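The file final-v2.cif contains mmCIF, C-alpha atoms:
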data_work
#
loop_
_atom_site.label_atom_id
_atom_site.label_comp_id
_atom_site.auth_asym_id
_atom_site.auth_seq_id
_atom_site.Cartn_x
_atom_site.Cartn_y
_atom_site.Cartn_z
CA MET X 1 -93.74 87.31 -65.12
CA SER X 2 -91.18 84.83 -64.00
CA THR X 3 -92.42 81.94 -61.92
CA ILE X 4 -89.06 80.32 -61.35
CA LEU X 5 -85.96 81.22 -59.42
CA GLN X 6 -82.65 81.39 -61.25
CA VAL X 7 -79.59 81.12 -59.07
CA ALA X 8 -76.21 82.14 -60.50
CA GLU X 9 -72.90 82.26 -58.72
CA GLU X 10 -69.85 84.34 -59.45
CA ARG X 11 -66.64 85.15 -57.58
CA ARG X 12 -65.52 88.73 -57.17
CA GLY X 13 -62.05 88.34 -55.75
CA ASP X 14 -62.46 86.13 -52.72
CA VAL X 15 -66.11 86.91 -52.26
CA PRO X 16 -68.83 84.71 -53.70
CA VAL X 17 -71.77 86.61 -55.14
CA LEU X 18 -75.08 84.85 -55.53
CA PHE X 19 -77.55 86.32 -58.02
CA LEU X 20 -81.15 85.44 -57.29
CA LYS X 21 -83.52 86.19 -60.14
CA GLY X 22 -87.25 85.60 -60.31
CA ARG X 23 -89.48 84.32 -57.61
CA MET X 24 -88.48 83.10 -54.16
CA ASP X 25 -91.38 81.16 -52.66
CA ALA X 26 -91.92 77.85 -50.89
CA THR X 27 -91.44 75.97 -54.15
CA THR X 28 -88.28 77.67 -55.39
CA SER X 29 -86.47 78.71 -52.20
CA PRO X 30 -84.89 75.29 -51.54
CA ASP X 31 -82.66 75.89 -54.61
CA ALA X 32 -81.29 79.08 -53.11
CA GLU X 33 -80.91 77.39 -49.74
CA ALA X 34 -78.85 74.58 -51.28
CA HIS X 35 -76.52 77.13 -52.95
CA ILE X 36 -76.05 79.14 -49.78
CA ASN X 37 -75.42 76.05 -47.68
CA ARG X 38 -72.92 74.70 -50.18
CA LEU X 39 -70.89 77.91 -50.08
CA ILE X 40 -70.88 77.94 -46.29
CA ASP X 41 -70.01 74.24 -46.16
CA LYS X 42 -67.06 74.93 -48.46
CA GLY X 43 -65.76 77.49 -46.00
CA ASP X 44 -66.95 80.82 -47.37
CA ARG X 45 -67.73 83.27 -44.58
CA GLN X 46 -68.50 86.42 -46.55
CA LEU X 47 -71.43 86.14 -48.90
CA VAL X 48 -72.99 88.78 -51.11
CA VAL X 49 -76.47 88.11 -52.45
CA ASP X 50 -77.53 90.29 -55.36
CA LEU X 51 -81.30 90.68 -55.39
CA SER X 52 -81.57 93.10 -58.32
CA GLY X 53 -83.37 90.45 -60.37
CA LEU X 54 -85.63 89.29 -57.58
CA GLU X 55 -89.27 90.01 -58.39
CA TYR X 56 -90.90 88.33 -55.44
CA ILE X 57 -90.13 86.93 -52.01
CA SER X 58 -92.38 85.17 -49.51
CA SER X 59 -91.68 84.14 -45.93
CA ALA X 60 -90.18 80.92 -47.31
CA GLY X 61 -87.53 83.01 -49.06
CA LEU X 62 -86.99 85.17 -46.01
CA ARG X 63 -86.46 82.01 -43.99
CA VAL X 64 -83.72 80.81 -46.33
CA LEU X 65 -81.87 84.13 -46.13
CA LEU X 66 -82.20 84.24 -42.34
CA SER X 67 -80.97 80.70 -41.82
CA GLY X 68 -77.98 81.44 -44.06
CA LEU X 69 -77.26 84.60 -42.08
CA LYS X 70 -77.52 82.68 -38.81
CA ARG X 71 -75.00 80.11 -40.00
CA LEU X 72 -72.59 82.78 -41.22
CA LYS X 73 -72.86 84.90 -38.06
CA ALA X 74 -72.32 81.85 -35.88
CA SER X 75 -68.94 81.38 -37.52
CA GLY X 76 -67.97 85.05 -37.56
CA GLY X 77 -69.08 85.70 -41.12
CA ALA X 78 -71.51 88.08 -42.78
CA MET X 79 -74.11 88.20 -45.52
CA LYS X 80 -74.67 91.32 -47.57
CA LEU X 81 -77.73 91.92 -49.69
CA THR X 82 -77.85 94.31 -52.60
CA ALA X 83 -80.29 96.10 -54.88
CA LEU X 84 -83.67 95.29 -53.38
CA ALA X 85 -86.65 96.38 -55.46
CA PRO X 86 -89.11 98.59 -53.55
CA GLU X 87 -91.66 95.76 -53.14
CA ILE X 88 -88.96 93.44 -51.79
CA GLN X 89 -87.72 96.18 -49.48
CA LYS X 90 -91.25 96.58 -48.11
CA VAL X 91 -91.43 92.86 -47.30
CA PHE X 92 -88.07 93.19 -45.52
CA ASP X 93 -89.37 96.18 -43.58
CA ILE X 94 -92.50 94.35 -42.43
CA ALA X 95 -90.45 91.32 -41.39
CA GLY X 96 -87.95 93.52 -39.53
CA PHE X 97 -85.18 92.11 -41.73
CA ASN X 98 -83.72 95.53 -42.51
CA ARG X 99 -82.37 95.48 -38.97
CA LEU X 100 -80.75 92.06 -39.38
CA PHE X 101 -79.06 92.29 -42.75
CA LEU X 102 -76.43 94.56 -44.24
CA ILE X 103 -78.29 96.02 -47.21
CA TYR X 104 -76.58 97.95 -50.01
CA ARG X 105 -77.98 99.86 -52.95
CA SER X 106 -75.72 98.19 -55.48
CA LEU X 107 -73.34 95.31 -55.88
CA ASP X 108 -70.38 97.67 -56.25
CA GLU X 109 -71.25 99.34 -53.01
CA ALA X 110 -71.49 96.00 -51.22
CA LEU X 111 -68.17 94.79 -52.59
CA GLY X 112 -66.39 98.06 -51.88
CA THR X 113 -67.37 98.18 -48.25
CA ASP X 114 -65.27 96.92 -45.38
CA THR X 115 -66.72 93.75 -43.93
CA ALA X 116 -64.61 93.79 -40.78
CA ARG X 117 -67.63 94.65 -38.70
CA MET W 1 -115.54 98.45 -64.48
CA THR W 2 -118.89 97.67 -62.96
CA GLY W 3 -120.19 94.89 -60.77
CA GLU W 4 -118.39 91.94 -59.31
CA VAL W 5 -116.27 89.21 -60.81
CA THR W 6 -115.57 85.97 -58.97
CA ARG W 7 -113.14 83.23 -59.92
CA ARG W 8 -112.62 80.00 -58.03
CA LEU W 9 -110.04 77.21 -58.22
CA THR W 10 -109.80 73.95 -56.28
CA VAL W 11 -106.62 71.87 -56.47
CA PRO W 12 -104.85 69.21 -54.41
CA ALA W 13 -103.10 70.89 -51.47
CA THR W 14 -99.53 70.39 -52.68
CA LEU W 15 -96.66 72.80 -53.34
CA GLY W 16 -96.81 71.81 -57.00
CA HIS W 17 -100.16 73.61 -57.24
CA LEU W 18 -99.18 76.74 -55.33
CA GLU W 19 -98.45 78.67 -58.49
CA ASP W 20 -101.83 77.72 -60.02
CA LEU W 21 -103.53 79.31 -57.03
CA THR W 22 -101.52 82.52 -56.92
CA SER W 23 -101.63 82.92 -60.73
CA MET W 24 -105.40 82.58 -60.73
CA VAL W 25 -105.62 85.55 -58.36
CA THR W 26 -102.92 87.71 -59.95
CA GLY W 27 -104.31 86.99 -63.43
CA LEU W 28 -107.77 88.16 -62.42
CA LEU W 29 -106.45 91.28 -60.67
CA ARG W 30 -104.34 92.14 -63.71
CA GLU W 31 -107.33 91.69 -66.03
CA GLN W 32 -109.31 93.97 -63.75
CA GLY W 33 -106.68 96.68 -63.89
CA PHE W 34 -105.33 96.53 -60.36
CA PRO W 35 -102.02 98.34 -59.78
CA GLU W 36 -98.94 96.09 -59.82
CA LYS W 37 -98.12 97.01 -56.24
CA THR W 38 -101.51 95.77 -55.03
CA ILE W 39 -101.15 92.64 -57.15
CA PHE W 40 -97.74 91.93 -55.58
CA GLU W 41 -99.16 92.22 -52.08
CA MET W 42 -102.22 90.12 -52.83
CA ASP W 43 -99.98 87.52 -54.49
CA LEU W 44 -97.87 87.37 -51.34
CA ALA W 45 -100.83 87.11 -48.96
CA VAL W 46 -102.42 84.32 -51.02
CA ASP W 47 -99.07 82.53 -51.28
CA GLU W 48 -98.55 82.66 -47.50
CA ALA W 49 -102.07 81.50 -46.68
CA CYS W 50 -102.01 78.67 -49.24
CA THR W 51 -98.51 77.55 -48.23
CA ASN W 52 -99.75 77.19 -44.65
CA VAL W 53 -102.68 75.09 -45.80
CA ILE W 54 -100.44 72.96 -48.03
CA ARG W 55 -97.91 72.36 -45.25
CA TYR W 56 -100.13 71.89 -42.23
CA ALA W 57 -103.88 71.58 -42.90
CA TYR W 58 -103.96 67.90 -43.77
CA ALA W 59 -100.67 66.66 -42.35
CA PRO W 60 -99.89 63.83 -42.43
CA GLY W 61 -102.69 63.16 -44.94
CA GLU W 62 -103.87 64.78 -48.15
CA GLY W 63 -106.68 67.08 -49.16
CA GLU W 64 -107.75 69.98 -51.34
CA VAL W 65 -107.56 73.73 -51.13
CA THR W 66 -109.94 76.19 -52.75
CA VAL W 67 -109.13 79.78 -53.56
CA GLU W 68 -111.99 82.12 -54.38
CA CYS W 69 -111.27 85.63 -55.57
CA THR W 70 -113.95 88.31 -55.83
CA VAL W 71 -113.17 91.66 -57.39
CA THR W 72 -115.35 94.73 -57.02
CA PRO W 73 -114.69 98.19 -58.43
CA THR W 74 -112.91 99.16 -55.23
CA ALA W 75 -111.39 96.03 -53.71
CA ALA W 76 -110.45 92.39 -54.01
CA THR W 77 -111.34 89.66 -51.53
CA VAL W 78 -109.65 86.28 -51.58
CA CYS W 79 -110.93 83.39 -49.47
CA ILE W 80 -108.80 80.30 -48.86
CA ILE W 81 -110.86 77.28 -47.92
CA ASP W 82 -109.71 73.86 -46.72
CA CYS W 83 -111.28 70.91 -44.92
CA GLY W 84 -108.22 70.16 -42.79
CA HIS W 85 -107.52 70.46 -39.08
CA PRO W 86 -109.25 73.50 -37.58
CA PHE W 87 -106.65 76.24 -37.39
CA ASP W 88 -107.16 79.95 -36.76
CA PRO W 89 -104.09 81.76 -38.09
CA LEU W 90 -105.32 84.99 -36.52
CA ALA W 91 -104.88 83.43 -33.09
CA VAL W 92 -101.13 83.18 -33.72
CA GLU W 93 -99.15 85.63 -31.61
CA PRO W 94 -97.40 88.30 -33.68
CA PRO W 95 -93.68 87.53 -33.97
CA ASP W 96 -91.17 89.43 -31.85
CA LEU W 97 -89.19 91.43 -34.40
CA SER W 98 -86.97 93.18 -31.89
CA GLY W 99 -84.24 90.57 -31.37
CA GLY W 100 -80.91 90.17 -33.14
CA VAL W 101 -80.00 87.54 -35.69
CA GLU W 102 -79.36 84.87 -33.05
CA ASP W 103 -82.72 85.43 -31.33
CA ARG W 104 -84.90 85.55 -34.39
CA PRO W 105 -86.81 82.33 -34.90
CA ILE W 106 -86.80 80.83 -38.37
CA GLY W 107 -90.35 81.19 -39.59
CA GLY W 108 -93.55 82.55 -38.15
CA LEU W 109 -93.59 85.48 -40.56
CA GLY W 110 -96.27 84.35 -43.00
CA VAL W 111 -99.30 85.38 -40.95
CA HIS W 112 -97.55 88.59 -39.94
CA LEU W 113 -97.08 89.48 -43.62
CA ILE W 114 -100.73 88.72 -44.37
CA ARG W 115 -101.94 90.93 -41.55
CA SER W 116 -99.58 93.76 -42.47
CA LEU W 117 -100.42 93.80 -46.17
CA MET W 118 -104.17 93.22 -46.12
CA ASP W 119 -106.82 95.74 -45.03
CA THR W 120 -108.98 93.11 -43.32
CA VAL W 121 -108.51 89.44 -42.56
CA THR W 122 -111.25 87.19 -41.16
CA TYR W 123 -111.28 83.55 -40.17
CA GLU W 124 -114.11 81.15 -39.45
CA TYR W 125 -114.42 77.42 -39.03
CA THR W 126 -117.79 76.32 -40.28
CA GLY W 127 -119.22 73.13 -41.76
CA GLY W 128 -115.88 71.39 -41.26
CA LYS W 129 -114.05 74.04 -43.28
CA ASN W 130 -111.38 76.59 -42.43
CA ILE W 131 -112.27 79.81 -44.24
CA LEU W 132 -109.72 82.61 -44.27
CA CYS W 133 -110.77 85.76 -46.14
CA MET W 134 -108.46 88.64 -46.95
CA THR W 135 -109.52 91.97 -48.43
CA ARG W 136 -107.35 94.62 -49.98
CA SER W 137 -108.52 97.88 -51.52
CA ARG W 138 -107.57 98.50 -55.12
CA THR W 139 -105.20 101.29 -54.19
CA GLU W 140 -103.66 102.46 -50.97
CA GLY W 141 -105.04 105.58 -49.37
CA LEU W 142 -102.89 108.63 -49.80
CA PRO W 143 -100.79 109.65 -46.82
CA GLU W 144 -102.62 112.18 -44.69
CA SER W 145 -100.26 114.99 -45.54
CA GLU W 146 -101.14 114.56 -49.22
CA SER W 147 -104.85 113.92 -48.81
CA ASP W 148 -105.12 117.17 -46.83
CA HIS W 149 -104.52 119.05 -50.04
CA LEU W 150 -107.32 117.38 -51.95
#

Let me see the file written as structure tokens.
Amino acid sequence: MSTILQVAEERRGDVPVLFLKGRMDATTSPDAEAHINRLIDKGDRQLVVDLSGLEYISSAGLRVLLSGLKRLKASGGAMKLTALAPEIQKVFDIAGFNRLFLIYRSLDEALGTDTAR
Amino acid sequence: MTGEVTRRLTVPATLGHLEDLTSMVTGLLREQGFPEKTIFEMDLAVDEACTNVIRYAYAPGEGEVTVECTVTPTAATVCIIDCGHPFDPLAVEPPDLSGGVEDRPIGGLGVHLIRSLMDTVTYEYTGGKNILCMTRSRTEGLPESESDHL
């Protein structure tokens, strides 16, 4: 089982996609936070985060996603999350995050959807 | 499996040791044949409890944290013990999950996750130690609609 977090970044058209793979806890989440903040600092307002490789998330990881979402929303942007494993989805449900984030089943679905709202 | 197995680990309360603590628990549960779903939830509860100790128990000083995991044929109990400032996490108000993105505070979810995922959680401060114990049954009970047919 992975005990690190791998963060990869890729552009699909104008939209940056961040792939988070492994474990998002208090030790590893700062890496993801730095990536998200860098994209927002550079001016990106639409961000897709692919969680298909995410095996684990704690409240430290949730915090990083929420603070990124807050920054994006404050400037009229949006963050989309894709492909949550059932265990990750359960953590989102308990935290009430399913009501805060746009969550898609797959990356294609997230990229093919209008972000105007 | 018969009887009880207990494993204990004491390390400096730093983030660098967080994984040692969670791996000790998940390793034991895996050896004892717990379902992966239960292991995930126990992992998360131990992570949240230990992260709180690491961040706040001794601030601004240093100290140690002990994790003790006891497995029985039906359940696992993990106790997190520190000698830091007395702090009862169960006295923390549950977070308000109803607000929108702007209203949601950053943080405050760790204890909520622990309470939601564990069957029982107890706290006591005794002998200068914070002792938080969390118990989770090996498997979840079946939904009532299914158990009716058994």

I'd like a table as a tab-separated table: residues in chain X with an atom no more than 12 Å from chain W, each row giving the shortest atom pair and its distance in Å to one decimal, all atoms listed in the file counted, sorted by chain and rising residue number.
residue	atom	partner	partner_atom	distance
X:Met1	CA	W:Ser23	CA	10.0
X:Ser2	CA	W:Glu19	CA	11.0
X:Thr3	CA	W:Glu19	CA	7.7
X:Ile4	CA	W:Glu19	CA	10.0
X:Arg23	CA	W:Glu19	CA	10.6
X:Met24	CA	W:Leu44	CA	10.7
X:Asp25	CA	W:Asp47	CA	7.9
X:Ala26	CA	W:Thr51	CA	7.1
X:Thr27	CA	W:Leu15	CA	6.2
X:Thr28	CA	W:Leu15	CA	9.9
X:Ser29	CA	W:Leu15	CA	11.8
X:Glu55	CA	W:Phe40	CA	9.1
X:Tyr56	CA	W:Phe40	CA	7.7
X:Ile57	CA	W:Leu44	CA	7.8
X:Ser58	CA	W:Leu44	CA	6.2
X:Ser59	CA	W:Gly110	CA	5.4
X:Ala60	CA	W:Gly107	CA	7.7
X:Gly61	CA	W:Gly107	CA	10.0
X:Leu62	CA	W:Gly107	CA	8.3
X:Arg63	CA	W:Ile106	CA	5.8
X:Val64	CA	W:Ile106	CA	8.5
X:Leu65	CA	W:Ile106	CA	9.8
X:Leu66	CA	W:Ile106	CA	7.0
X:Ser67	CA	W:Ile106	CA	6.8
X:Gly68	CA	W:Ile106	CA	10.5
X:Leu69	CA	W:Val101	CA	7.5
X:Lys70	CA	W:Val101	CA	6.3
X:Arg71	CA	W:Glu102	CA	9.5
X:Leu72	CA	W:Val101	CA	10.4
X:Lys73	CA	W:Val101	CA	8.0
X:Ala74	CA	W:Glu102	CA	8.2
X:Ser75	CA	W:Glu102	CA	11.9
X:Ala78	CA	W:Val101	CA	11.1
X:Met79	CA	W:Val101	CA	11.5
X:Ala85	CA	W:Lys37	CA	11.5
X:Pro86	CA	W:Lys37	CA	9.5
X:Glu87	CA	W:Lys37	CA	7.3
X:Ile88	CA	W:Phe40	CA	9.7
X:Lys90	CA	W:Leu117	CA	9.8
X:Val91	CA	W:Leu113	CA	7.5
X:Phe92	CA	W:Leu113	CA	9.9
X:Asp93	CA	W:Leu113	CA	10.2
X:Ile94	CA	W:Leu113	CA	6.8
X:Ala95	CA	W:Leu109	CA	6.7
X:Gly96	CA	W:Leu97	CA	5.7
X:Phe97	CA	W:Leu97	CA	8.4
X:Asn98	CA	W:Leu97	CA	10.6
X:Arg99	CA	W:Gly100	CA	8.0
X:Leu100	CA	W:Val101	CA	5.9
X:Phe101	CA	W:Val101	CA	8.6
X:Leu102	CA	W:Val101	CA	11.6

Quiz item: Given the choices W:Gly127, W:Pro94, W:Pro89, W:Gly84, which gets closest to W:Ile54 if the distance is worked out from all atoms listed in the file?
Solution: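 Between W:Gly127, W:Pro94, W:Pro89, W:Gly84, the residue approaching W:Ile54 most closely is W:Gly84.
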
Quiz prompt | X:Val17 surroundings by all atoms listed in the file, 10 Å radius, close-in-sequence under 2 positions cut, as a ChimeraX atom specification | solution = /X:8-15,19-20,46-50,80-81,107,111

Quiz prompt | For atom CA of W:Val65 and atom CA of W:Gly33, the interatomic separation in Å (one decimal) | solution =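 Atom CA of W:Gly33 lies at a distance of 26.3 Å from atom CA of W:Val65.
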
Practice problem: Just give me the gap between atom CA of W:Val121 and atom CA of W:Cys79 in Å, one decimal is fine. | Solution: 9.5 Å

Practice problem: Select, from X:Pro16, X:Gln89, X:Gly22, X:Leu54, the residue with the minimum atom-to-atom distance to X:Lys42, counting all atoms listed in the file. | Solution: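 Once distances to X:Lys42 are computed over all atoms listed in the file, the minimum belongs to X:Pro16.
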
Exercise. Take the point (-113.8, 85.9, -39.3) in the file's coordinates, draw a sphere of radius 12 Å around it, and report as a list in words every protein, DNA or RNA residue with an atom inside or on it, counting only C-alpha atoms.
Key: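 Residues found, by chain and rising number: Cys79, Asp88, Pro89, Leu90, Ala91, Thr120, Val121, Thr122, Tyr123, Glu124, Tyr125, Thr126, Asn130, Ile131, Leu132, Cys133, Met134 and Thr135 of chain W.
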
Quiz item: In Å, with one decimal, what is the gap from atom CA of X:Leu39 to atom CA of X:Leu18?
Solution: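 So the two atoms, atom CA of X:Leu39 and atom CA of X:Leu18, lie 9.8 Å apart.
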
Quiz item: Near X:Arg105, counting only C-alpha atoms, which residues have an atom at most 7 Å away, once you skip same-chain residues fewer than 4 positions from it, shown as a ChimeraX atom specification?
Solution: /X:82-83,109
